[in-house]
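run.txt (compact mmCIF, C-alpha atoms) appears below.
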```
# COMPACT_ATOMS: atom_id res chain seq x y z
CA MET A 1165 2.61 25.19 -4.37
CA ILE A 1166 1.34 22.93 -1.64
CA ALA A 1167 3.37 24.36 1.24
CA GLN A 1168 2.45 27.93 0.28
CA ASP A 1169 -1.24 27.07 0.02
CA ILE A 1170 -1.18 25.40 3.43
CA HIS A 1171 0.67 28.41 4.83
CA ASP A 1172 -1.95 30.80 3.42
CA ARG A 1173 -4.80 28.70 4.74
CA LEU A 1174 -3.30 28.74 8.23
CA ARG A 1175 -2.37 32.42 8.07
CA ALA A 1176 -6.02 33.26 7.51
CA VAL A 1177 -7.08 31.78 10.86
CA LEU A 1178 -4.08 31.86 13.21
CA PRO A 1179 -3.24 35.04 15.13
CA ASP A 1180 -0.41 37.18 13.72
CA SER A 1181 1.75 36.45 16.76
CA VAL A 1182 2.12 32.83 15.63
CA PRO A 1183 4.74 32.54 12.88
CA ILE A 1184 3.95 30.00 10.16
CA LEU A 1185 7.22 28.78 8.70
CA LEU A 1186 7.62 27.36 5.22
CA PRO A 1187 9.90 24.36 4.59
CA GLU A 1188 12.76 26.65 3.52
CA GLN A 1189 12.54 28.48 6.86
CA GLN A 1190 13.15 25.39 8.93
CA ARG A 1191 16.45 26.71 10.27
CA GLU A 1192 14.99 29.95 11.64
CA PRO A 1193 14.05 28.69 15.12
CA LEU A 1194 17.40 26.93 15.44
CA GLU A 1195 19.36 30.04 14.52
CA ALA A 1196 17.32 32.39 16.71
CA ALA A 1197 19.53 34.49 18.95
CA PRO A 1198 19.27 37.80 20.81
CA VAL A 1199 20.85 40.46 18.58
CA ASP A 1200 23.07 43.44 19.40
CA ALA A 1201 22.74 47.01 18.12
CA GLN A 1202 24.18 46.07 14.72
CA GLY A 1203 21.78 43.14 14.34
CA ARG A 1204 24.41 40.49 14.91
CA PRO A 1205 23.91 37.67 17.38
CA ARG A 1206 24.90 39.17 20.71
CA VAL A 1207 27.82 37.67 22.58
CA GLY A 1208 26.74 36.71 26.05
CA GLY A 1209 23.11 37.40 25.09
CA GLY A 1210 21.84 34.24 26.66
CA GLU A 1211 20.09 31.24 25.25
CA ARG A 1212 20.07 30.70 21.49
CA GLY A 1213 18.12 28.40 19.27
CA LEU A 1214 14.69 26.97 19.89
CA GLY A 1215 14.44 28.27 23.46
CA ALA A 1216 15.21 31.83 22.35
CA TYR A 1217 12.77 31.55 19.46
CA LEU A 1218 9.96 30.38 21.74
CA ALA A 1219 10.80 33.14 24.21
CA ALA A 1220 10.37 35.63 21.36
CA HIS A 1221 7.14 33.94 20.22
CA PRO A 1222 5.47 32.68 23.40
CA GLN A 1223 2.28 31.72 21.56
CA GLY A 1224 4.25 29.14 19.61
CA TYR A 1225 4.85 28.65 15.93
CA VAL A 1226 3.83 26.30 13.14
CA GLN A 1227 6.28 24.64 10.78
CA VAL A 1228 4.95 23.39 7.44
CA GLU A 1229 7.37 20.74 6.27
CA GLU A 1230 8.41 19.71 2.77
CA PRO A 1231 5.60 17.79 1.04
CA LEU A 1232 6.53 14.17 0.54
CA ALA A 1233 5.43 12.61 -2.77
CA ILE A 1234 3.56 9.41 -2.03
CA SER A 1235 1.91 8.20 -5.22
CA GLY A 1236 0.47 9.25 -8.54
CA ASP A 1237 -1.82 7.66 -11.05
CA GLY A 1238 -1.21 9.98 -13.97
CA LEU A 1239 -3.94 12.45 -13.03
CA THR A 1240 -3.92 12.61 -9.24
CA GLY A 1241 -0.81 13.13 -7.15
CA VAL A 1242 -0.87 12.34 -3.44
CA PHE A 1243 1.53 14.20 -1.16
CA TRP A 1244 1.90 13.97 2.58
CA VAL A 1245 2.78 17.13 4.47
CA ALA A 1246 3.77 17.16 8.11
CA VAL A 1247 2.64 20.31 9.93
CA ALA A 1248 4.33 20.71 13.29
CA SER A 1249 3.00 23.02 16.00
CA VAL A 1250 5.53 23.96 18.67
CA CYS A 1251 4.68 25.79 21.91
CA PRO A 1252 6.37 26.31 25.26
CA ASP A 1253 3.94 23.99 27.07
CA GLY A 1254 1.61 21.06 26.55
CA PRO A 1255 -1.84 22.69 26.88
CA ALA A 1256 -0.85 25.53 24.53
CA VAL A 1257 0.43 23.17 21.84
CA THR A 1258 -2.73 21.08 22.09
CA ALA A 1259 -4.83 24.21 21.52
CA LEU A 1260 -2.65 25.43 18.63
CA ALA A 1261 -2.65 22.01 16.97
CA ARG A 1262 -6.43 21.93 17.23
CA GLN A 1263 -6.68 25.28 15.38
CA VAL A 1264 -4.32 23.94 12.70
CA ARG A 1265 -6.41 20.80 12.38
CA ARG A 1266 -9.63 22.77 12.00
CA ALA A 1267 -8.11 25.02 9.37
CA LEU A 1268 -6.69 22.19 7.26
CA SER A 1269 -8.97 19.28 7.94
CA GLY A 1270 -12.24 21.01 8.82
CA THR A 1271 -14.71 19.17 10.99
CA PRO A 1272 -16.19 15.68 10.52
CA PHE A 1273 -19.41 17.26 9.24
CA ALA A 1274 -17.65 19.77 6.99
CA PRO A 1275 -14.30 18.25 5.97
CA GLY A 1276 -11.49 20.39 4.62
CA PRO A 1277 -9.10 19.59 1.78
CA HIS A 1278 -6.43 17.93 3.91
CA ARG A 1279 -7.16 14.58 5.53
CA GLU A 1280 -5.09 13.76 8.58
CA VAL A 1281 -3.21 10.62 7.58
CA THR A 1282 -0.95 10.32 10.62
CA PRO A 1283 -2.35 11.54 13.93
CA ALA A 1284 -0.18 12.99 16.64
CA GLN A 1285 -0.18 13.68 20.35
CA PRO A 1286 1.86 16.32 22.16
CA GLN A 1287 5.43 15.31 22.88
CA GLN A 1288 8.16 17.20 24.64
CA LEU A 1289 11.07 18.14 22.39
CA ALA A 1290 13.11 19.68 25.17
CA PRO A 1291 12.25 21.29 28.50
CA GLY A 1292 10.14 24.30 27.53
CA ALA A 1293 9.29 23.08 24.03
CA TRP A 1294 6.35 20.84 23.15
CA MET A 1295 5.44 19.66 19.68
CA VAL A 1296 2.45 18.10 17.93
CA ARG A 1297 3.38 16.88 14.46
CA PRO A 1298 0.55 15.24 12.51
CA THR A 1299 0.75 14.53 8.79
CA TYR A 1300 -1.91 15.70 6.34
CA ASP A 1301 -2.46 14.66 2.77
CA ALA A 1302 -2.52 17.06 -0.17
CA LEU A 1303 -3.80 16.21 -3.64
CA THR A 1304 -2.81 17.58 -7.00
CA ILE A 1305 -4.92 17.19 -10.12
CA ASP A 1306 -2.88 17.39 -13.32
CA GLY A 1307 -0.15 19.03 -11.28
CA ASP A 1308 -2.36 21.73 -9.71
CA HIS A 1309 -2.85 21.62 -5.96
CA VAL A 1310 -6.41 20.92 -4.90
CA ALA A 1311 -6.92 23.78 -2.47
CA GLN A 1312 -10.63 24.38 -2.12
CA GLU A 1313 -11.72 27.96 -2.09
CA MET B 881 -12.66 28.18 -33.60
CA PRO B 882 -11.69 25.56 -31.05
CA TYR B 883 -14.50 23.18 -30.13
CA THR B 884 -14.18 24.18 -26.47
CA ASP B 885 -15.70 27.54 -27.34
CA LEU B 886 -19.00 25.72 -27.71
CA ILE B 887 -18.74 24.34 -24.18
CA PRO B 888 -19.77 26.79 -21.45
CA ASN B 889 -18.19 24.73 -18.67
CA ALA B 890 -14.94 23.96 -20.49
CA ALA B 891 -12.75 25.59 -17.85
CA ALA B 892 -14.93 24.78 -14.85
CA SER B 893 -15.06 21.09 -15.77
CA ILE B 894 -11.32 20.67 -15.16
CA ASP B 895 -10.98 22.93 -12.14
CA PRO B 896 -8.97 21.06 -9.44
CA SER B 897 -10.92 22.72 -6.64
CA ASN B 898 -14.02 20.78 -7.69
CA LEU B 899 -12.52 17.70 -6.04
CA SER B 900 -13.34 17.97 -2.37
CA ARG B 901 -14.13 15.85 0.65
CA GLU B 902 -17.73 15.65 1.82
CA GLY B 903 -19.14 15.28 5.31
CA ASN B 904 -22.44 13.67 6.23
CA GLU B 905 -24.74 14.95 8.97
CA VAL B 906 -28.00 13.10 9.57
CA LEU B 907 -30.91 14.50 11.60
CA ILE B 908 -33.88 12.35 12.67
CA SER B 909 -37.27 13.34 14.04
CA PRO B 910 -39.61 10.45 14.96
CA HIS B 911 -43.26 11.03 14.09
CA ALA B 912 -44.43 9.79 17.48
CA ALA B 913 -42.85 10.38 20.86
CA PHE B 914 -40.15 7.77 21.43
CA GLY B 915 -38.93 7.36 24.97
CA SER B 916 -37.17 10.58 25.89
CA ILE B 917 -37.52 11.97 22.37
CA ALA B 918 -40.58 14.23 22.34
CA LYS B 919 -42.77 14.27 19.25
CA ASN B 920 -41.49 16.47 16.40
CA THR B 921 -38.15 17.15 18.07
CA TRP B 922 -34.92 16.45 16.25
CA ARG B 923 -31.89 14.39 17.14
CA ARG B 924 -28.50 14.28 15.42
CA VAL B 925 -27.30 10.79 14.66
CA GLY B 926 -23.55 11.36 15.12
CA TYR B 927 -20.20 11.13 13.39
CA PHE B 928 -19.81 8.66 10.54
CA ASP B 929 -16.81 6.74 9.29
CA PRO B 930 -15.11 8.93 6.64
CA ALA B 931 -15.34 5.97 4.27
CA ASP B 932 -19.14 5.80 4.63
CA ASP B 933 -21.34 7.67 2.22
CA ILE B 934 -24.87 8.30 3.49
CA SER B 935 -26.68 7.95 0.18
CA PRO B 936 -29.80 6.08 -0.83
CA THR B 937 -29.66 2.84 -2.76
CA THR B 938 -32.34 3.01 -5.39
CA ASN B 939 -34.04 0.10 -7.06
CA THR B 940 -36.49 0.25 -9.92
CA ASN B 941 -38.58 -2.47 -11.50
CA THR B 942 -39.57 -1.91 -15.06
CA ASN B 943 -42.18 -3.46 -17.27
CA ASP B 944 -41.53 -3.69 -20.99
CA ILE B 945 -44.49 -2.66 -23.13
CA LYS B 946 -44.07 -4.29 -26.50
CA ALA B 947 -45.97 -4.22 -29.73
CA GLN B 948 -45.97 -6.69 -32.52
CA ASN B 949 -43.71 -5.74 -35.39
CA PRO B 950 -45.97 -5.29 -38.46
CA SER B 951 -43.22 -6.41 -40.80
CA GLY B 952 -42.41 -9.50 -38.78
CA GLY B 953 -39.26 -9.90 -36.75
CA PRO B 954 -38.77 -9.26 -33.06
CA ASP B 955 -41.36 -7.30 -31.06
CA ILE B 956 -40.96 -3.53 -30.94
CA LEU B 957 -40.20 -2.16 -27.53
CA LEU B 958 -42.56 0.83 -27.12
CA GLU B 959 -41.81 1.85 -23.60
CA GLN B 960 -40.19 0.71 -20.38
CA GLU B 961 -42.70 1.45 -17.67
CA THR B 962 -41.40 1.87 -14.15
CA THR B 963 -43.62 -0.23 -11.94
CA GLU B 964 -41.76 0.08 -8.68
CA ALA B 965 -39.19 2.51 -7.39
CA THR B 966 -37.69 2.22 -3.96
CA ALA B 967 -34.95 4.08 -2.18
CA VAL B 968 -33.29 2.83 0.97
CA TYR B 969 -30.45 4.20 3.06
CA ASP B 970 -28.97 0.81 3.82
CA SER B 971 -26.27 1.75 6.24
CA ILE B 972 -26.50 4.67 8.62
CA ALA B 973 -23.91 3.64 11.20
CA PRO B 974 -22.97 6.38 13.65
CA MET B 975 -19.69 5.92 15.48
CA THR B 976 -20.69 8.29 18.28
CA PRO B 977 -24.39 7.61 18.97
CA SER B 978 -25.90 9.28 22.01
CA ASN B 979 -28.29 7.46 24.34
CA ASP B 980 -31.27 8.71 22.32
CA ILE B 981 -29.92 7.17 19.13
CA ILE B 982 -29.11 3.90 20.85
CA ALA B 983 -32.70 3.87 22.16
CA LEU B 984 -33.97 4.27 18.58
CA HIS B 985 -31.82 1.32 17.60
CA ALA B 986 -33.76 -0.88 20.01
CA GLY B 987 -36.79 -0.46 17.74
CA ALA B 988 -39.41 0.20 20.38
CA PRO B 989 -39.70 2.84 23.10
CA ALA B 990 -38.51 1.84 26.53
CA VAL B 991 -40.96 1.83 29.42
CA PRO B 992 -39.92 1.99 33.07
CA VAL B 993 -39.72 -1.13 35.20
CA GLY B 994 -40.44 0.12 38.67
CA ALA B 995 -39.04 3.51 39.63
CA ASP B 996 -35.30 2.85 39.93
CA GLY B 997 -34.34 3.81 36.39
CA ILE B 998 -34.59 0.38 34.79
CA THR B 999 -36.45 0.44 31.48
CA THR B 1000 -37.46 -2.21 29.02
CA SER B 1001 -38.44 -2.30 25.37
CA VAL B 1002 -40.06 -5.01 23.32
CA PHE B 1003 -37.73 -7.27 21.32
CA THR B 1004 -39.26 -6.60 17.90
CA ILE B 1005 -38.26 -7.90 14.52
CA GLY B 1006 -39.01 -5.89 11.41
CA ALA B 1007 -40.48 -2.92 13.25
CA THR B 1008 -39.89 0.46 11.73
CA ILE B 1009 -40.07 3.86 13.30
CA GLY B 1010 -41.73 6.52 11.16
CA ALA B 1011 -39.60 9.64 11.12
CA ARG B 1012 -38.50 12.70 9.20
CA MET B 1013 -34.90 12.67 8.05
CA ILE B 1014 -32.50 15.34 6.85
CA VAL B 1015 -29.08 14.50 5.41
CA VAL B 1016 -26.70 17.46 5.07
CA LYS B 1017 -23.76 16.94 2.74
CA ARG B 1018 -21.19 19.61 3.46
CA ARG B 1019 -17.88 20.52 1.88
CA LEU B 1020 -15.68 22.95 3.72
CA LYS B 1021 -15.23 26.01 1.58
CA ALA B 1022 -14.43 29.59 2.34
CA ASP B 1023 -16.74 30.79 -0.43
CA PRO B 1024 -20.03 31.75 1.28
CA LYS B 1025 -21.92 31.01 -1.92
CA ARG B 1026 -20.58 27.46 -2.19
CA ILE B 1027 -23.54 25.14 -2.72
CA GLN B 1028 -24.15 22.53 -0.05
CA ARG B 1029 -26.70 19.77 -0.63
CA VAL B 1030 -29.50 18.90 1.78
CA TYR B 1031 -31.61 15.76 1.32
CA TRP B 1032 -35.01 16.07 2.97
CA HIS B 1033 -37.30 13.06 3.47
CA PRO B 1034 -40.51 13.84 5.35
CA ASN B 1035 -41.34 10.16 5.86
CA VAL B 1036 -38.81 7.38 6.33
CA GLY B 1037 -39.16 4.02 8.00
CA LEU B 1038 -36.22 3.75 10.38
CA ALA B 1039 -35.22 0.22 11.32
CA SER B 1040 -32.37 -1.38 13.15
CA ASN B 1041 -29.87 -3.09 10.87
CA GLY B 1042 -27.56 -4.75 13.35
CA THR B 1043 -24.12 -3.43 14.28
CA VAL B 1044 -20.92 -2.87 12.34
CA ASP B 1045 -17.32 -2.99 13.47
CA LYS B 1046 -15.53 0.35 13.51
CA GLN B 1047 -11.90 0.18 14.59
CA GLY B 1048 -12.67 -2.75 16.84
CA ARG B 1049 -15.67 -0.98 18.39
CA LYS B 1050 -19.28 -1.67 17.56
CA ALA B 1051 -21.42 0.99 15.93
CA PRO B 1052 -25.22 0.55 15.69
CA GLN B 1053 -26.46 0.48 12.13
CA PHE B 1054 -29.79 1.83 10.90
CA ARG B 1055 -31.70 1.22 7.74
CA ALA B 1056 -34.02 3.98 6.52
CA SER B 1057 -36.58 3.15 3.82
CA VAL B 1058 -37.75 6.27 2.05
CA LEU B 1059 -41.54 6.40 2.07
CA THR B 1060 -43.88 8.94 0.52
CA TRP B 1061 -45.55 11.87 2.21
CA ASP B 1062 -48.61 13.68 1.07
CA GLY B 1063 -49.21 16.64 3.30
CA THR B 1064 -49.14 20.42 3.20
CA LEU B 1065 -46.03 22.53 3.52
CA THR B 1066 -46.14 25.71 5.55
CA ASP B 1067 -43.12 27.72 4.43
CA ALA B 1068 -44.26 29.85 1.48
CA ASP B 1069 -41.02 29.62 -0.54
CA ILE B 1070 -40.57 25.88 -0.09
CA LYS B 1071 -44.27 25.29 -0.76
CA ALA B 1072 -44.08 27.14 -4.06
CA ALA B 1073 -41.10 25.10 -5.19
CA VAL B 1074 -42.35 21.64 -4.21
CA THR B 1075 -45.19 20.73 -6.52
CA ALA B 1076 -45.05 16.96 -6.97
CA PHE B 1077 -47.13 15.08 -4.41
CA PRO B 1078 -47.01 12.52 -2.87
CA THR B 1079 -43.31 13.14 -2.47
CA MET B 1080 -40.43 10.94 -1.36
CA GLY B 1081 -38.43 14.01 -0.50
CA GLN B 1082 -36.45 16.85 -2.01
CA ILE B 1083 -32.81 17.65 -2.66
CA PHE B 1084 -32.05 21.24 -1.77
CA ASN B 1085 -28.99 23.14 -2.97
CA VAL B 1086 -28.21 25.78 -0.38
CA PRO B 1087 -25.45 28.43 -0.44
CA ASN B 1088 -23.09 28.06 2.46
CA ASP B 1089 -24.03 31.27 4.24
CA LEU B 1090 -27.75 30.47 4.18
CA LEU B 1091 -27.44 26.90 5.39
CA ASP B 1092 -28.11 27.48 9.09
CA ASP B 1093 -31.27 29.50 8.51
CA PHE B 1094 -32.51 27.14 5.86
CA LEU B 1095 -32.11 24.08 8.05
CA THR B 1096 -34.08 25.83 10.79
CA ARG B 1097 -36.93 26.43 8.33
CA LEU B 1098 -36.75 22.91 6.94
CA MET B 1099 -36.83 21.29 10.37
CA ALA B 1100 -40.20 22.97 10.98
CA GLU B 1101 -41.73 21.41 7.86
CA ALA B 1102 -44.00 18.35 7.75
CA PRO B 1103 -44.41 17.81 11.48
CA ALA B 1104 -46.49 14.84 12.56
CA ALA B 1105 -50.04 15.77 13.51
```
Just give me the structure as structure tokens.
Amino acid sequence: MIAQDIHDRLRAVLPDSVPILLPEQQREPLEAAPVDAQGRPRVGGGERGLGAYLAAHPQGYVQVEEPLAISGDGLTGVFWVAVASVCPDGPAVTALARQVRRALSGTPFAPGPHREVTPAQPQQLAPGAWMVRPTYDALTIDGDHVAQE
Amino acid sequence: MPYTDLIPNAAASIDPSNLSREGNEVLISPHAAFGSIAKNTWRRVGYFDPADDISPTTNTNTNDIKAQNPSGGPDILLEQETTEATAVYDSIAPMTPSNDIIALHAGAPAVPVGADGITTSVFTIGATIGARMIVVKRRLKADPKRIQRVYWHPNVGLASNGTVDKQGRKAPQFRASVLTWDGTLTDADIKAAVTAFPTMGQIFNVPNDLLDDFLTRLMAEAPAA
């Protein structure tokens, strides 16, 4: 699975304090809330949603989005996957996005399996939340994801 | 028994992970001192357009050796003799050339005009700069034993080949004709493996984790006297 392979590739290089969310976990930051003793969202606990999630994970998080099928020629399938890095401030998100880029796309002299097809610059989602959301390509050969080992 | 049992690479030949992107890194070392480039020192050419492949274009001329057919009919072709074989890297166009590389593109070393920092070089046509060249073709892989290829040419003729447009910016373009070299290697292992002289160069297959050390050894080979 493309999203799982990208998640594993990022997990190998990013610190454990940075959550890497799969497409099915997209609601987690939005539903983040301080919890009470029983584990339920606490009434009067303060901010909920993205702000609370970033407060709990100050080093930011990475969201791997659902791969979008672009084209196929019978053997090769081309998918585009947006990988969003979100951090509380601009410099941090630039640094996190750079680590993501190196892990997926390699360097110009040693390229990785995922070519960046849509570049991105940091943009502010809300006060206290910055995002860089480039899109990378992912290939499948005969249905199997091309994830170099 | 299925026929694939007779094929050792049956599974490996259809492995999706064999399809991978490749990067090009080109290192140049002019035989003679060139401006600020000291003799036998190396310079890296720069980043290349991902669509560019730094590979030689080869050209061979053959001569047919024919014999008369004893039973009549058309002549018998005995052999096709290769009379000429050339290899040229037609387009080495770095997008991020440093000042040293731009100076090489001028074709002749720059000499100072006065002492204020102005320099000048001769406007030459057809001049080539003798140099050693290493082309490293790398694929990013976690496997430390992944084979990376290194092309080594101890003698190329580097020439300017105009400029090319890259995203609306101009990148200098080089042309490197692969020439032959007939000298003595110093590294014992490499010397034992390279036996055909004069040589146009070698293609080395290097495991990922040994690449750094190997390039250091290779860069010391075939220095200009």
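Proximity to chain A was assessed for B:Ser916, B:Gln1028, B:Thr963, B:Asn1035 counting all atoms listed in the file; the smallest distance is recorded for B:Gln1028.
Using all atoms listed in the file for every distance, the candidate list A:Pro1252, A:Gly1238, A:Leu1214, A:Gln1263 yields A:Gly1238 as the residue closest to Asp1306 of chain A.
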* **Selection near Ile956 of chain B, 8 Å with only C-alpha atoms, sequence-local residues under 2 positions removed, as a PyMOL selection string** => chain B and resi 946-949+954+958
Per residue of chain B within 12 Å of chain A, note the shortest atom pair and the distance in Å to one decimal, counting all atoms listed in the file, and order the rows by chain and increasing residue number, as a tab-separated table.
```
residue	atom	partner	partner_atom	distance
B:Ile894	CA	A:Ile1305	CA	8.9
B:Asp895	CA	A:Ile1305	CA	8.6
B:Pro896	CA	A:Val1310	CA	5.2
B:Ser897	CA	A:Gln1312	CA	4.8
B:Asn898	CA	A:Gln1312	CA	7.4
B:Leu899	CA	A:Val1310	CA	7.0
B:Ser900	CA	A:Pro1277	CA	6.2
B:Arg901	CA	A:Pro1275	CA	5.8
B:Glu902	CA	A:Pro1275	CA	6.0
B:Gly903	CA	A:Phe1273	CA	4.4
B:Asn904	CA	A:Phe1273	CA	5.6
B:Glu905	CA	A:Phe1273	CA	5.8
B:Val906	CA	A:Phe1273	CA	9.6
B:Arg924	CA	A:Phe1273	CA	11.4
B:Val925	CA	A:Phe1273	CA	11.6
B:Gly926	CA	A:Phe1273	CA	9.3
B:Tyr927	CA	A:Pro1272	CA	6.7
B:Phe928	CA	A:Pro1272	CA	7.9
B:Asp929	CA	A:Pro1272	CA	9.0
B:Pro930	CA	A:Pro1272	CA	7.9
B:Ala931	CA	A:Pro1272	CA	11.6
B:Asp932	CA	A:Pro1272	CA	11.9
B:Ile934	CA	A:Phe1273	CA	12.0
B:Pro974	CA	A:Pro1272	CA	11.9
B:Met975	CA	A:Pro1272	CA	11.5
B:Thr976	CA	A:Pro1272	CA	11.6
B:Val1015	CA	A:Phe1273	CA	10.8
B:Val1016	CA	A:Phe1273	CA	8.4
B:Lys1017	CA	A:Phe1273	CA	7.8
B:Arg1018	CA	A:Ala1274	CA	5.0
B:Arg1019	CA	A:Ala1274	CA	5.2
B:Leu1020	CA	A:Ala1274	CA	5.0
B:Lys1021	CA	A:Glu1313	CA	5.4
B:Ala1022	CA	A:Glu1313	CA	5.4
B:Asp1023	CA	A:Glu1313	CA	6.0
B:Pro1024	CA	A:Glu1313	CA	9.7
B:Lys1025	CA	A:Glu1313	CA	10.6
B:Arg1026	CA	A:Glu1313	CA	8.9
B:Gln1028	CA	A:Ala1274	CA	10.0
B:Arg1029	CA	A:Ala1274	CA	11.8
B:Asn1088	CA	A:Ala1274	CA	10.9
```
Written selection (C-alpha atoms) as a JSON list (two decimals), keeping the file's coordinate frame:
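Contents of the output file result_14.json:
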```json
[["chain", "number", "residue", "atom", "x", "y", "z"],
["B", 894, "ILE", "CA", -11.32, 20.67, -15.16],
["B", 895, "ASP", "CA", -10.98, 22.93, -12.14],
["B", 896, "PRO", "CA", -8.97, 21.06, -9.44],
["B", 897, "SER", "CA", -10.92, 22.72, -6.64],
["B", 898, "ASN", "CA", -14.02, 20.78, -7.69],
["B", 899, "LEU", "CA", -12.52, 17.70, -6.04],
["B", 900, "SER", "CA", -13.34, 17.97, -2.37],
["B", 901, "ARG", "CA", -14.13, 15.85, 0.65],
["B", 902, "GLU", "CA", -17.73, 15.65, 1.82],
["B", 903, "GLY", "CA", -19.14, 15.28, 5.31],
["B", 904, "ASN", "CA", -22.44, 13.67, 6.23],
["B", 905, "GLU", "CA", -24.74, 14.95, 8.97],
["B", 906, "VAL", "CA", -28.00, 13.10, 9.57],
["B", 924, "ARG", "CA", -28.50, 14.28, 15.42],
["B", 925, "VAL", "CA", -27.30, 10.79, 14.66],
["B", 926, "GLY", "CA", -23.55, 11.36, 15.12],
["B", 927, "TYR", "CA", -20.20, 11.13, 13.39],
["B", 928, "PHE", "CA", -19.81, 8.66, 10.54],
["B", 929, "ASP", "CA", -16.81, 6.74, 9.29],
["B", 930, "PRO", "CA", -15.11, 8.93, 6.64],
["B", 931, "ALA", "CA", -15.34, 5.97, 4.27],
["B", 932, "ASP", "CA", -19.14, 5.80, 4.63],
["B", 934, "ILE", "CA", -24.87, 8.30, 3.49],
["B", 974, "PRO", "CA", -22.97, 6.38, 13.65],
["B", 975, "MET", "CA", -19.69, 5.92, 15.48],
["B", 976, "THR", "CA", -20.69, 8.29, 18.28],
["B", 1015, "VAL", "CA", -29.08, 14.50, 5.41],
["B", 1016, "VAL", "CA", -26.70, 17.46, 5.07],
["B", 1017, "LYS", "CA", -23.76, 16.94, 2.74],
["B", 1018, "ARG", "CA", -21.19, 19.61, 3.46],
["B", 1019, "ARG", "CA", -17.88, 20.52, 1.88],
["B", 1020, "LEU", "CA", -15.68, 22.95, 3.72],
["B", 1021, "LYS", "CA", -15.23, 26.01, 1.58],
["B", 1022, "ALA", "CA", -14.43, 29.59, 2.34],
["B", 1023, "ASP", "CA", -16.74, 30.79, -0.43],
["B", 1024, "PRO", "CA", -20.03, 31.75, 1.28],
["B", 1025, "LYS", "CA", -21.92, 31.01, -1.92],
["B", 1026, "ARG", "CA", -20.58, 27.46, -2.19],
["B", 1028, "GLN", "CA", -24.15, 22.53, -0.05],
["B", 1029, "ARG", "CA", -26.70, 19.77, -0.63],
["B", 1088, "ASN", "CA", -23.09, 28.06, 2.46]]
```
* Straight-line distance linking atom CA of Ala1216 of chain A with atom CA of Trp1294 of chain A, stated in Å to one decimal -> 14.1 Å
